[in-house]
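> File follows, run-v7.cif with mmCIF, C-alpha atoms:
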data_final
loop_
_atom_site.group_PDB
_atom_site.id
_atom_site.type_symbol
_atom_site.label_atom_id
_atom_site.label_comp_id
_atom_site.auth_asym_id
_atom_site.auth_seq_id
_atom_site.Cartn_x
_atom_site.Cartn_y
_atom_site.Cartn_z
ATOM 1 C CA MET A 1 195.743 57.526 -14.874
ATOM 2 C CA ASP A 2 193.537 60.063 -16.686
ATOM 3 C CA LYS A 3 190.189 58.728 -17.806
ATOM 4 C CA LEU A 4 189.901 58.047 -21.514
ATOM 5 C CA ARG A 5 186.937 59.965 -22.928
ATOM 6 C CA ILE A 6 187.272 59.141 -26.630
ATOM 7 C CA ASP A 7 188.913 56.093 -28.189
ATOM 8 C CA ILE A 8 189.059 55.933 -31.998
ATOM 9 C CA ARG A 9 190.801 53.130 -33.855
ATOM 10 C CA ASN A 10 191.010 52.360 -37.570
ATOM 11 C CA LEU A 11 188.298 54.900 -38.351
ATOM 12 C CA ASN A 12 187.214 55.064 -41.989
ATOM 13 C CA LYS A 13 184.264 56.648 -43.756
ATOM 14 C CA THR A 14 183.506 56.098 -47.445
ATOM 15 C CA PHE A 15 180.757 57.788 -49.437
ATOM 16 C CA SER A 16 179.328 56.495 -52.705
ATOM 17 C CA ILE A 17 178.443 59.286 -55.120
ATOM 18 C CA SER A 18 177.268 59.817 -58.676
ATOM 19 C CA GLY A 19 177.437 62.848 -60.933
ATOM 20 C CA ARG A 20 173.663 63.057 -61.460
ATOM 21 C CA LYS A 21 170.456 61.594 -60.098
ATOM 22 C CA LEU A 22 170.117 58.052 -61.424
ATOM 23 C CA SER A 23 167.087 55.848 -61.882
ATOM 24 C CA PHE A 24 166.747 52.667 -59.867
ATOM 25 C CA THR A 25 167.738 50.617 -62.928
ATOM 26 C CA GLU A 26 170.839 52.755 -63.534
ATOM 27 C CA ARG A 27 171.884 52.505 -59.893
ATOM 28 C CA LEU A 28 171.442 48.744 -59.974
ATOM 29 C CA LYS A 29 173.478 48.444 -63.185
ATOM 30 C CA ASN A 30 176.268 50.606 -61.722
ATOM 31 C CA LYS A 31 176.321 48.561 -58.533
ATOM 32 C CA LEU A 32 176.501 45.269 -60.440
ATOM 33 C CA ALA A 33 179.231 46.677 -62.678
ATOM 34 C CA ASN A 34 181.015 48.236 -59.680
ATOM 35 C CA LYS A 35 180.906 51.673 -61.331
ATOM 36 C CA THR A 36 179.839 53.708 -58.285
ATOM 37 C CA LYS A 37 182.410 56.370 -57.420
ATOM 38 C CA LYS A 38 183.852 56.083 -53.913
ATOM 39 C CA VAL A 39 185.068 59.011 -51.872
ATOM 40 C CA HIS A 40 187.208 58.196 -48.828
ATOM 41 C CA ALA A 41 186.306 61.067 -46.506
ATOM 42 C CA ILE A 42 188.076 59.614 -43.453
ATOM 43 C CA LYS A 43 191.115 57.351 -43.740
ATOM 44 C CA ASP A 44 192.485 55.156 -40.952
ATOM 45 C CA ILE A 45 192.317 57.673 -38.107
ATOM 46 C CA ASN A 46 193.499 56.587 -34.671
ATOM 47 C CA LEU A 47 192.929 58.971 -31.773
ATOM 48 C CA GLN A 48 192.618 58.915 -28.005
ATOM 49 C CA VAL A 49 191.405 61.912 -26.005
ATOM 50 C CA LYS A 50 191.650 61.935 -22.210
ATOM 51 C CA ASN A 51 189.515 63.717 -19.666
ATOM 52 C CA GLY A 52 190.217 67.447 -19.543
ATOM 53 C CA GLU A 53 192.130 67.612 -22.817
ATOM 54 C CA PHE A 54 191.440 70.337 -25.371
ATOM 55 C CA LEU A 55 191.990 68.916 -28.847
ATOM 56 C CA GLY A 56 192.093 71.349 -31.747
ATOM 57 C CA ILE A 57 191.306 70.123 -35.254
ATOM 58 C CA ILE A 58 192.646 72.158 -38.145
ATOM 59 C CA GLY A 59 192.727 71.569 -41.881
ATOM 60 C CA LYS A 60 191.622 73.220 -45.067
ATOM 61 C CA ASN A 61 188.036 73.009 -46.332
ATOM 62 C CA GLY A 62 187.202 69.496 -47.492
ATOM 63 C CA SER A 63 189.815 67.797 -45.313
ATOM 64 C CA GLY A 64 187.222 65.820 -43.300
ATOM 65 C CA LYS A 65 186.900 67.873 -40.103
ATOM 66 C CA SER A 66 183.099 68.068 -39.957
ATOM 67 C CA THR A 67 182.729 64.447 -41.033
ATOM 68 C CA LEU A 68 184.943 63.401 -38.121
ATOM 69 C CA LEU A 69 182.767 65.300 -35.620
ATOM 70 C CA LYS A 70 179.613 63.706 -37.047
ATOM 71 C CA LEU A 71 181.153 60.251 -36.679
ATOM 72 C CA ILE A 72 182.217 60.907 -33.089
ATOM 73 C CA ILE A 73 178.770 62.091 -32.005
ATOM 74 C CA GLY A 74 177.044 59.266 -33.901
ATOM 75 C CA ALA A 75 175.286 61.395 -36.532
ATOM 76 C CA MET A 76 176.556 58.980 -39.187
ATOM 77 C CA ASP A 77 177.925 55.454 -39.203
ATOM 78 C CA PRO A 78 181.576 54.682 -39.989
ATOM 79 C CA ASP A 79 182.756 51.960 -42.354
ATOM 80 C CA GLU A 80 182.751 48.375 -41.144
ATOM 81 C CA GLY A 81 185.783 47.569 -39.021
ATOM 82 C CA SER A 82 186.005 51.070 -37.514
ATOM 83 C CA HIS A 83 185.972 51.549 -33.741
ATOM 84 C CA ILE A 84 184.600 54.629 -31.953
ATOM 85 C CA GLU A 85 184.067 54.572 -28.194
ATOM 86 C CA THR A 86 183.051 57.565 -26.065
ATOM 87 C CA HIS A 87 182.750 57.729 -22.278
ATOM 88 C CA GLY A 88 180.462 60.355 -20.800
ATOM 89 C CA LYS A 89 177.749 62.652 -22.058
ATOM 90 C CA ILE A 90 178.651 64.285 -25.368
ATOM 91 C CA ILE A 91 177.094 67.269 -27.147
ATOM 92 C CA ARG A 92 177.920 69.346 -30.200
ATOM 93 C CA LEU A 93 177.810 73.127 -30.051
ATOM 94 C CA ALA A 94 177.381 75.332 -33.114
ATOM 95 C CA LEU A 95 175.731 78.653 -33.841
ATOM 96 C CA GLY A 96 171.928 78.526 -33.996
ATOM 97 C CA MET A 97 171.635 74.758 -33.605
ATOM 98 C CA GLY A 98 168.054 73.737 -32.895
ATOM 99 C CA PHE A 99 166.448 77.149 -33.349
ATOM 100 C CA ASP A 100 162.870 77.221 -34.631
ATOM 101 C CA VAL A 101 162.611 80.659 -36.246
ATOM 102 C CA ASP A 102 158.839 80.784 -35.805
ATOM 103 C CA LEU A 103 159.148 80.429 -32.040
ATOM 104 C CA THR A 104 160.065 83.173 -29.580
ATOM 105 C CA ALA A 105 163.340 83.458 -27.689
ATOM 106 C CA ARG A 106 161.549 82.157 -24.594
ATOM 107 C CA ASP A 107 160.386 79.003 -26.394
ATOM 108 C CA ASN A 108 163.760 78.470 -28.076
ATOM 109 C CA ILE A 109 165.584 78.664 -24.756
ATOM 110 C CA TYR A 110 163.506 75.745 -23.500
ATOM 111 C CA LEU A 111 163.856 73.878 -26.800
ATOM 112 C CA ASN A 112 167.647 74.291 -27.025
ATOM 113 C CA GLY A 113 168.179 73.813 -23.320
ATOM 114 C CA THR A 114 166.431 70.445 -23.510
ATOM 115 C CA ILE A 115 168.587 69.430 -26.485
ATOM 116 C CA LEU A 116 171.677 70.360 -24.458
ATOM 117 C CA GLY A 117 170.647 68.163 -21.559
ATOM 118 C CA LEU A 118 168.973 70.567 -19.144
ATOM 119 C CA SER A 119 165.711 69.763 -17.401
ATOM 120 C CA PHE A 120 162.784 72.200 -17.579
ATOM 121 C CA LYS A 121 163.424 73.043 -13.932
ATOM 122 C CA GLN A 122 167.079 73.821 -14.610
ATOM 123 C CA ILE A 123 166.171 75.945 -17.620
ATOM 124 C CA GLY A 124 163.637 77.865 -15.552
ATOM 125 C CA GLU A 125 166.261 78.555 -12.877
ATOM 126 C CA LYS A 126 168.733 79.803 -15.492
ATOM 127 C CA PHE A 127 166.235 81.598 -17.748
ATOM 128 C CA GLU A 128 166.742 85.171 -16.538
ATOM 129 C CA GLU A 129 170.506 84.703 -16.522
ATOM 130 C CA ILE A 130 170.465 83.443 -20.131
ATOM 131 C CA ILE A 131 168.371 86.373 -21.349
ATOM 132 C CA ALA A 132 170.513 88.903 -19.471
ATOM 133 C CA PHE A 133 173.748 87.429 -20.813
ATOM 134 C CA ALA A 134 172.397 87.578 -24.380
ATOM 135 C CA GLU A 135 171.289 91.180 -23.753
ATOM 136 C CA LEU A 136 167.822 90.420 -25.130
ATOM 137 C CA GLU A 137 165.576 91.485 -22.253
ATOM 138 C CA ASP A 138 163.370 93.544 -24.574
ATOM 139 C CA PHE A 139 162.933 90.740 -27.108
ATOM 140 C CA ILE A 140 162.028 87.700 -24.987
ATOM 141 C CA ASP A 141 158.698 87.113 -26.717
ATOM 142 C CA THR A 142 159.788 88.119 -30.224
ATOM 143 C CA PRO A 143 159.967 85.313 -32.818
ATOM 144 C CA ILE A 144 163.551 84.408 -33.744
ATOM 145 C CA LYS A 145 162.863 85.098 -37.435
ATOM 146 C CA PHE A 146 162.874 88.815 -36.623
ATOM 147 C CA TYR A 147 166.295 88.631 -34.914
ATOM 148 C CA SER A 148 169.483 89.817 -36.590
ATOM 149 C CA SER A 149 172.259 87.248 -37.034
ATOM 150 C CA GLY A 150 174.096 88.836 -34.109
ATOM 151 C CA MET A 151 171.083 88.526 -31.810
ATOM 152 C CA ARG A 152 170.682 84.858 -32.751
ATOM 153 C CA SER A 153 174.359 84.204 -32.125
ATOM 154 C CA ARG A 154 174.266 85.868 -28.713
ATOM 155 C CA LEU A 155 171.225 83.825 -27.711
ATOM 156 C CA SER A 156 172.779 80.603 -28.985
ATOM 157 C CA PHE A 157 175.952 81.208 -26.997
ATOM 158 C CA ALA A 158 174.078 82.250 -23.849
ATOM 159 C CA ILE A 159 172.169 78.947 -23.912
ATOM 160 C CA ALA A 160 175.221 76.839 -24.780
ATOM 161 C CA ILE A 161 177.387 77.974 -21.864
ATOM 162 C CA HIS A 162 174.817 76.436 -19.531
ATOM 163 C CA ALA A 163 174.995 73.030 -21.222
ATOM 164 C CA GLU A 164 175.920 70.049 -19.070
ATOM 165 C CA ALA A 165 178.190 67.453 -20.656
ATOM 166 C CA ASP A 166 181.522 65.710 -20.242
ATOM 167 C CA ILE A 167 182.595 66.090 -23.875
ATOM 168 C CA PHE A 168 181.997 69.137 -26.070
ATOM 169 C CA LEU A 169 182.368 69.094 -29.853
ATOM 170 C CA ILE A 170 182.614 72.678 -31.085
ATOM 171 C CA ASP A 171 182.493 74.105 -34.618
ATOM 172 C CA GLU A 172 184.514 77.314 -34.547
ATOM 173 C CA PHE A 173 184.309 79.650 -31.542
ATOM 174 C CA PHE A 174 180.629 80.488 -31.572
ATOM 175 C CA GLY A 175 181.103 83.253 -28.980
ATOM 176 C CA SER A 176 182.976 85.549 -31.377
ATOM 177 C CA VAL A 177 179.924 87.659 -32.138
ATOM 178 C CA GLY A 178 178.624 91.082 -31.275
ATOM 179 C CA ASP A 179 180.642 94.122 -30.254
ATOM 180 C CA LEU A 180 183.991 94.054 -28.469
ATOM 181 C CA GLY A 181 182.352 94.111 -25.054
ATOM 182 C CA PHE A 182 180.222 91.055 -25.771
ATOM 183 C CA MET A 183 183.148 89.161 -27.312
ATOM 184 C CA GLU A 184 185.213 89.752 -24.188
ATOM 185 C CA LYS A 185 182.305 88.664 -21.996
ATOM 186 C CA SER A 186 181.702 85.521 -24.072
ATOM 187 C CA GLN A 187 185.393 84.597 -24.024
ATOM 188 C CA LYS A 188 185.435 84.842 -20.229
ATOM 189 C CA ALA A 189 182.246 82.766 -19.944
ATOM 190 C CA PHE A 190 183.662 80.159 -22.313
ATOM 191 C CA GLU A 191 186.767 79.807 -20.161
ATOM 192 C CA GLU A 192 184.842 79.660 -16.883
ATOM 193 C CA ASN A 193 181.844 77.521 -17.881
ATOM 194 C CA ILE A 194 183.149 75.123 -20.533
ATOM 195 C CA LEU A 195 186.942 74.915 -20.308
ATOM 196 C CA GLN A 196 187.100 73.983 -16.648
ATOM 197 C CA GLY A 197 187.543 70.207 -16.383
ATOM 198 C CA LYS A 198 185.746 69.412 -19.650
ATOM 199 C CA THR A 199 186.993 67.448 -22.631
ATOM 200 C CA ILE A 200 186.804 69.548 -25.773
ATOM 201 C CA ILE A 201 187.273 68.820 -29.464
ATOM 202 C CA HIS A 202 187.297 72.085 -31.363
ATOM 203 C CA VAL A 203 187.293 72.568 -35.133
ATOM 204 C CA SER A 204 188.657 76.024 -35.833
ATOM 205 C CA HIS A 205 190.417 78.199 -38.397
ATOM 206 C CA SER A 206 191.475 80.586 -35.629
ATOM 207 C CA LEU A 207 195.150 79.888 -35.024
ATOM 208 C CA GLU A 208 195.134 82.403 -32.170
ATOM 209 C CA LEU A 209 192.518 80.358 -30.327
ATOM 210 C CA ILE A 210 194.373 77.137 -31.144
ATOM 211 C CA ARG A 211 197.600 78.499 -29.660
ATOM 212 C CA LYS A 212 195.846 79.782 -26.542
ATOM 213 C CA HIS A 213 193.798 76.774 -25.487
ATOM 214 C CA CYS A 214 194.754 73.498 -27.155
ATOM 215 C CA THR A 215 196.772 70.801 -25.423
ATOM 216 C CA LYS A 216 197.247 68.901 -28.682
ATOM 217 C CA ILE A 217 196.336 69.308 -32.337
ATOM 218 C CA LEU A 218 194.940 67.071 -35.046
ATOM 219 C CA VAL A 219 195.952 68.262 -38.526
ATOM 220 C CA MET A 220 193.714 66.847 -41.244
ATOM 221 C CA GLU A 221 194.574 66.466 -44.921
ATOM 222 C CA LYS A 222 192.351 64.704 -47.478
ATOM 223 C CA GLY A 223 190.684 62.601 -44.772
ATOM 224 C CA SER A 224 193.919 61.553 -43.065
ATOM 225 C CA ALA A 225 195.094 62.974 -39.751
ATOM 226 C CA THR A 226 198.320 63.553 -37.859
ATOM 227 C CA ILE A 227 198.363 64.223 -34.117
ATOM 228 C CA TYR A 228 200.760 66.763 -32.603
ATOM 229 C CA ASP A 229 201.547 67.560 -28.973
ATOM 230 C CA ASP A 230 203.492 70.659 -30.086
ATOM 231 C CA VAL A 231 201.036 73.387 -31.130
ATOM 232 C CA ASN A 232 203.587 75.411 -33.110
ATOM 233 C CA GLU A 233 204.684 72.351 -35.050
ATOM 234 C CA ALA A 234 201.054 71.582 -35.902
ATOM 235 C CA ILE A 235 200.401 75.111 -37.145
ATOM 236 C CA GLU A 236 203.516 74.950 -39.321
ATOM 237 C CA LYS A 237 202.241 71.690 -40.789
ATOM 238 C CA TYR A 238 198.812 73.251 -41.343
ATOM 239 C CA GLY A 239 200.371 75.823 -43.644
ATOM 240 C CA ASN A 240 201.544 73.041 -45.945
ATOM 241 C CA VAL A 241 198.495 70.772 -46.189
ATOM 242 C CA SER A 242 196.483 70.278 -49.338
ATOM 243 C CA VAL A 243 192.763 70.731 -49.861
ATOM 244 C CA GLY A 244 190.865 67.427 -49.677
#
Any chance you could put this one into structure tokens?


Amino acid sequence: MDKLRIDIRNLNKTFSISGRKLSFTERLKNKLANKTKKVHAIKDINLQVKNGEFLGIIGKNGSGKSTLLKLIIGAMDPDEGSHIETHGKIIRLALGMGFDVDLTARDNIYLNGTILGLSFKQIGEKFEEIIAFAELEDFIDTPIKFYSSGMRSRLSFAIAIHAEADIFLIDEFFGSVGDLGFMEKSQKAFEENILQGKTIIHVSHSLELIRKHCTKILVMEKGSATIYDDVNEAIEKYGNVSVG
């Protein structure tokens, strides 16, 4: 039996919001009068993801995709009665995460590498390879604030493909940057370094990527979710969902 990496049951997330900044007295009065507006960002989601599965999450803006990733990784707490259980080391990959723009590429490689679970020794062993992959040999000691968005993206991806984890949460395909040659290189590295034997949850608007890699799809609509084993059926459903 395949190992269960993620087990989600009865997952809900509610936010309390107000139209303007209120004073303490106003907030207290609203709470006592039960006037605080509630937004149900996630509604009764049940999901199990096994080892080695590639789960795609699709849905229009505001459907709850990013909130779901934050709940899975523990960046925010779910409502009482929700159950989230993960087995194995889990990290979230996104463009430019953890960069300090005042630091050089060299310093940011060590900073990001540590965040992604690598030891200083491991980072040192991979350092030249990371720089070469990002094609930034002439800018190692240049502060990130002077980098173009493409240079930052290449560096971010070059670091990320060396991350060590059992579960990857990915916002869009962060390797789709640079010229055609770099995109082809990053796609190959993604397939060789991250896809092999890893459990992946991938939020993406790229239906081409969804069709190519995903073993099942979660279609989100206004905080609710439907799971599909048939990719084509999921994409058809995606074309009919409403904005949350």

> For segment 198-209 of chain A, please output as an MDAnalysis selection string all residues within 7 Å (counting all atoms listed in the file; exclusion window: fewer than 4 positions along the same chain).

chainID A and resid 51:58 65 166:172 194 213

> Could you pull the residues within 8 Å of segment 126-129 of chain A, counting all atoms listed in the file, minus those fewer than 4 positions along the same chain, as a VMD selection string?

chain A and resid 109 122 133

> Rank nothing, just name the residue among A:Met220, A:Ile235, A:Ile227, A:Ile130 nearest to Phe157 of chain A, using only C-alpha atoms.

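The shortest atom-to-atom distance to Phe157 of chain A comes from A:Ile130.
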
> Applied to the shown file, which residues does the PyMOL selection byres ((chain A and resi 154) around 12) return, written as a ChimeraX atom specification?

/A:94-96,105,109,130-136,144,147-153,155-161,174-179,182-183,185-186

> Have a look at atom CA of Gly124 of chain A and atom CA of His162 of chain A and let me know their distance in Å, one decimal.

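Straight-line distance from atom CA of Gly124 of chain A to atom CA of His162 of chain A works out to 12.0 Å.
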
> Figure out the distance between atom CA of Gly117 of chain A and atom CA of Phe190 of chain A, please, to one decimal in Å.

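Spanning atom CA of Phe190 of chain A to atom CA of Gly117 of chain A is a straight-line distance of 17.7 Å.
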